[in-house]
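For reference, the structure discussed in these notes is given below.
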Amino acid sequence: MIPASFDYEVAESVEHALALLGADPDAKVLAGGHSLVPALKLRVSRPSKLVDIGRLSDLAYVRDAGSQLAIGALTRHAAVQGDPLLQEHCPIVSSTAGKVGDPQVRHRGTIGGSLAHGDPASDLPAVILALDAELVIVGAGGERTVAAADFFTGVFQTAVGPGELLTEIRIPKLGDATGWSYLKYHRRAQDWATVGVAAIVHRDNGTATSASVALTNMGGTTLRAASVEAAVAAGSSPAEAAAHAAEGAEPASDTAASAEFRAHLARVLTERALMEALA
Ligand SMILES: Cc1cc2nc3c(=O)[nH]c(=O)nc-3n(C[C@H](O)[C@H](O)[C@H](O)COP(=O)(O)OP(=O)(O)OC[C@H]3O[C@@H](n4cnc5c(N)ncnc54)[C@H](O)[C@@H]3O)c2cc1C
């Protein structure tokens with residue numbers, strides 16, 4: 001389909017983008033365009049104006065920030081995948097970026113767009129949630145930092161409000177005692193996850209002492225598998241803990257899978273992810 005008509009402005013700085021967004025409550029940010037342009041073509045999104053932030057190169061970076069790494073919102077998936085700092089200190093993020101779509105998608109799509117889009121089927125939100133990352137949002141009122149647990153608020157909804165920009169994602173560096181895994185089941189290569197599981201496991205002599213587990217496409221937002229985490233903390237094996245993976249989740253039934261199959265996938269993938277993180 002052909003999109004509804006819209007105005008188009010190129011932002012020259014973060015301040016310019018905020019001014020353009022503030023001047024028009026129906027304007028939308030355009031980053032890599034790999035989620036927004038399909039939505040425009042389907043006319044499920046009909047903004048009055050697109051504010052293109054794609055040339056704001058000062059929002060594309062990965063920096064060492066002490067105990068954390070800071071990732072600029074405009075960092076493209078391919079750059080996240082290949083970044084040496086991420087590969088050394090938080091490889092679950094670079095590895096998962098390499099599982100997003102195909103090379104074309106990864107060279108245009110951005111980490112900020114993937115998170116701000118709020119799609120429960122996207123891969124990186126589960127990783128960001130399992131890592132207890134922090135997200136920096138700027139708007140006319142200044143800058144605020146939002147915990148990942150408070151960022152994903154509904155289907156295609158996040159804490160980024162009208163007139164605001166997501167500018168940075170802060171993730172912890174993982175130490176040697178921390179294992180990780182992101183597994184996704186998809187029907188076709190290079191596709192969104194039917195279900196995905198992110199696991200961050202703190203281990204001692206091959207045994208998990210605690211785990212953070214988040215699920216992709218098991219509800220309206222990415223969500224923490226709290227019952228799995230409690231079971232791991234209580235000393236359950238990966239198989240015993242993974243049996244709780246679908247508790248509290250509300251997976252959809254659609255053309256890709258029934259809710260029952262998604263619940264089954266969550267249990268199977270959670271056990272495998274915990275095992276992989278412990279290895
Ligand atoms: C064929 C195909 C396959 C794909 N496969 C996968 C997959 O396997 N896994 C996966 O996770 N994703 C997949 N995607 C989605 C891809 O990762 C997108 O690039 C990503 O979801 C959106 O990033 P973007 O930079 O393209 O954002 P855009 O499409 O430009 O924007 C998306 C939304 O976020 C908003 N936005 C963007 N940046 C900001 C910001 N900095 N601050 C505030 N709001 C912002 C926009 O206004 C818009 O509402 C696929 C896409 C395609 C086309």
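Ordered as shown in the structure tokens, chains take letters A, B, and onward, while each chain numbers its residues from 1 and ligands are numbered from 1 in the order shown.
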
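Around ligand 1, using only C-alpha atoms and all ligand atoms and a cut-off of 6 Å, the residues in contact are Lys28, Val29, Leu30, Ala31, Gly32, Gly33, His34, Ser35, Leu36, Ala73, Val100, Gly101, Val105, Gly109, Thr110, Gly112, Gly113, Ser114, Ala116, His117, Ser122, Asp123, Leu124, Leu165, Leu166, Thr167, Gln190, Asp191 and Trp192 of chain A.
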
Output C-alpha atoms for every residue in that selection, as a compact mmCIF listing (two decimals), in the first residue's frame.
# COMPACT_ATOMS: atom_id res chain seq x y z
CA LYS A 28 6.94 10.63 14.71
CA VAL A 29 10.62 9.85 14.92
CA LEU A 30 12.16 8.01 11.94
CA ALA A 31 15.36 6.09 12.75
CA GLY A 32 16.19 3.04 10.58
CA GLY A 33 12.63 2.90 9.23
CA HIS A 34 12.51 -0.89 9.27
CA SER A 35 9.48 -1.03 11.56
CA LEU A 36 7.95 2.39 10.93
CA ALA A 73 20.12 4.79 20.46
CA VAL A 100 17.73 -9.74 14.21
CA GLY A 101 16.34 -10.14 10.70
CA VAL A 105 17.68 -5.13 8.34
CA GLY A 109 17.63 -0.93 11.96
CA THR A 110 18.79 0.65 15.23
CA GLY A 112 16.84 2.51 19.88
CA GLY A 113 14.19 1.92 17.23
CA SER A 114 13.89 -1.72 18.18
CA ALA A 116 11.12 2.29 21.29
CA HIS A 117 8.89 0.39 18.86
CA SER A 122 11.35 -8.13 18.93
CA ASP A 123 14.48 -9.83 20.25
CA LEU A 124 16.45 -7.08 21.98
CA LEU A 165 13.60 10.68 22.22
CA LEU A 166 15.29 7.55 23.51
CA THR A 167 18.97 8.51 23.39
CA GLN A 190 15.81 -14.36 9.54
CA ASP A 191 12.35 -13.97 11.04
CA TRP A 192 10.85 -12.56 14.25

Residues within 9 Å of segment 248-261 of chain A, only C-alpha atoms, excluding chain neighbours under 5 positions, as a tab-separated table (two decimals) with N, CA and C atoms, in the first residue's frame:
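Okay, this is what ended up in around_35.tsv:
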chain	number	residue	atom	x	y	z
A	186	HIS	N	12.00	-19.64	15.46
A	186	HIS	CA	11.29	-18.94	14.39
A	186	HIS	C	11.03	-19.92	13.25
A	187	ARG	N	9.94	-19.66	12.56
A	187	ARG	CA	9.52	-20.63	11.53
A	187	ARG	C	10.38	-20.55	10.29
A	194	THR	N	8.94	-16.59	17.19
A	194	THR	CA	7.64	-17.11	17.65
A	194	THR	C	7.63	-17.04	19.18
A	215	LEU	N	11.20	-13.17	28.50
A	215	LEU	CA	10.58	-13.90	27.39
A	215	LEU	C	10.15	-12.95	26.27
A	217	ASN	N	7.62	-12.45	23.04
A	217	ASN	CA	6.39	-12.90	22.38
A	217	ASN	C	5.56	-13.87	23.22
A	218	MET	N	5.58	-13.67	24.53
A	218	MET	CA	4.74	-14.48	25.43
A	218	MET	C	3.67	-13.60	26.09
A	219	GLY	N	3.39	-12.45	25.52
A	219	GLY	CA	2.37	-11.55	26.05
A	219	GLY	C	2.42	-10.23	25.30
A	220	GLY	N	1.74	-9.23	25.83
A	220	GLY	CA	1.67	-7.92	25.17
A	220	GLY	C	2.97	-7.16	25.21
A	223	LEU	N	8.47	-9.95	28.95
A	223	LEU	CA	8.19	-10.07	30.37
A	223	LEU	C	9.19	-10.97	31.09
A	225	ALA	N	10.28	-13.95	33.53
A	225	ALA	CA	9.76	-15.25	33.97
A	225	ALA	C	10.07	-15.39	35.45
A	226	ALA	N	9.27	-14.68	36.28
A	226	ALA	CA	9.57	-14.56	37.71
A	226	ALA	C	9.56	-15.91	38.41
A	227	SER	N	8.66	-16.82	38.01
A	227	SER	CA	8.60	-18.12	38.68
A	227	SER	C	9.85	-18.95	38.40
A	266	ALA	N	8.22	-21.93	25.34
A	266	ALA	CA	8.85	-21.17	26.43
A	266	ALA	C	9.53	-22.12	27.41

Can you work out the spacing between atom CA of Glu247 of chain A and atom CA of Ile128 of chain A in Å, to one decimal? 20.7 Å

With only C-alpha atoms as the counted atoms, please give the residues lying no more than 7 Å from segment 269-278 of chain A, apart from itself and same-chain residues fewer than 4 positions off, as a PyMOL selection string. chain A and resi 179-183+197+199-201+203+206+208+238-239+242+245+265

From the DSSP assignment of the backbone, select every residue of segment 32-109 of chain A that is alpha helix (DSSP H), and format the answer as a PyMOL selection string. chain A and resi 36-41+77-82+84-89+91-97+103-108

Write out as a ChimeraX atom specification all residues of segment 64-279 of chain A that DSSP puts in strand (DSSP E or B) for this structure's backbone. /A:64-65,68-72,76,110,134-139,142-147,152-154,157-158,165-172,178-185,195-204,207-216,223-224

Selected residue, from A:Ala159, A:Ala140, A:Leu50, A:Leu131, that lies nearest to Gly118 of chain A when counting only C-alpha atoms: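 Going through A:Ala159, A:Ala140, A:Leu50, A:Leu131 one by one, the smallest distance to Gly118 of chain A is for A:Ala159.
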
Compile the contact shell of Ala4 of chain A as a short mmCIF file (atom, residue, chain, number, x, y, z; two decimals) with N, CA and C atoms, in the first residue's frame: residues with an atom at most 9 Å away, counting only C-alpha atoms, same-chain residues fewer than 4 positions apart removed.
data_model
loop_
_atom_site.label_atom_id
_atom_site.label_comp_id
_atom_site.auth_asym_id
_atom_site.auth_seq_id
_atom_site.Cartn_x
_atom_site.Cartn_y
_atom_site.Cartn_z
N LEU A 40 3.71 2.50 8.11
CA LEU A 40 3.16 3.59 7.29
C LEU A 40 2.47 3.02 6.05
N LYS A 41 3.14 2.04 5.44
CA LYS A 41 2.58 1.48 4.20
C LYS A 41 1.28 0.74 4.45
N ARG A 43 -0.70 1.69 6.73
CA ARG A 43 -1.54 2.78 7.28
C ARG A 43 -2.01 2.49 8.70
N SER A 45 -0.01 3.35 10.97
CA SER A 45 0.57 4.57 11.53
C SER A 45 0.39 5.67 10.51
N ARG A 46 -0.18 6.82 10.95
CA ARG A 46 -0.44 7.93 10.01
C ARG A 46 0.02 9.23 10.65
N PRO A 47 1.34 9.37 10.86
CA PRO A 47 1.83 10.62 11.46
C PRO A 47 1.69 11.79 10.51
N SER A 48 1.59 12.99 11.09
CA SER A 48 1.52 14.20 10.24
C SER A 48 2.90 14.53 9.69
#

So the first atom is atom CA of Pro91 of chain A and the second is atom CA of Gly72 of chain A; what is the distance between them in Å, to one decimal place?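 Interatomic distance, atom CA of Pro91 of chain A to atom CA of Gly72 of chain A: 16.7 Å.
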
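Residues in contact range of Ser210 of chain A, defined as at most 7 Å between only C-alpha atoms, with sequence neighbours fewer than 5 positions away removed, read Val201, His202, Glu229, Val232 and Ala233 of chain A.
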
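Atom CA of Val44 of chain A sits 26.8 Å away from atom CA of Lys184 of chain A.
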
Which residues are close to Ala241 of chain A, i.e. within 7 Å by only C-alpha atoms, leaving aside same-chain residues fewer than 3 positions away? Reply as a PDB file with C-alpha atoms, in the first residue's frame.
ATOM      1  CA  VAL A 228      11.641 -19.511  36.845  1.00  0.00           C
ATOM      2  CA  ALA A 231      12.881 -21.663  41.287  1.00  0.00           C
ATOM      3  CA  VAL A 232      16.539 -21.187  40.305  1.00  0.00           C
ATOM      4  CA  SER A 236      15.875 -26.113  41.297  1.00  0.00           C
ATOM      5  CA  SER A 237      17.583 -27.698  38.292  1.00  0.00           C
ATOM      6  CA  PRO A 238      17.199 -26.026  34.861  1.00  0.00           C
ATOM      7  CA  HIS A 244       7.416 -22.669  35.325  1.00  0.00           C
TER       8      HIS A 244
END

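Of the listed residues A:Thr216, A:Ala189, A:Thr221, A:Ala279, the one whose atoms come nearest to Arg262 of chain A is A:Thr216, with distances taken using only C-alpha atoms.
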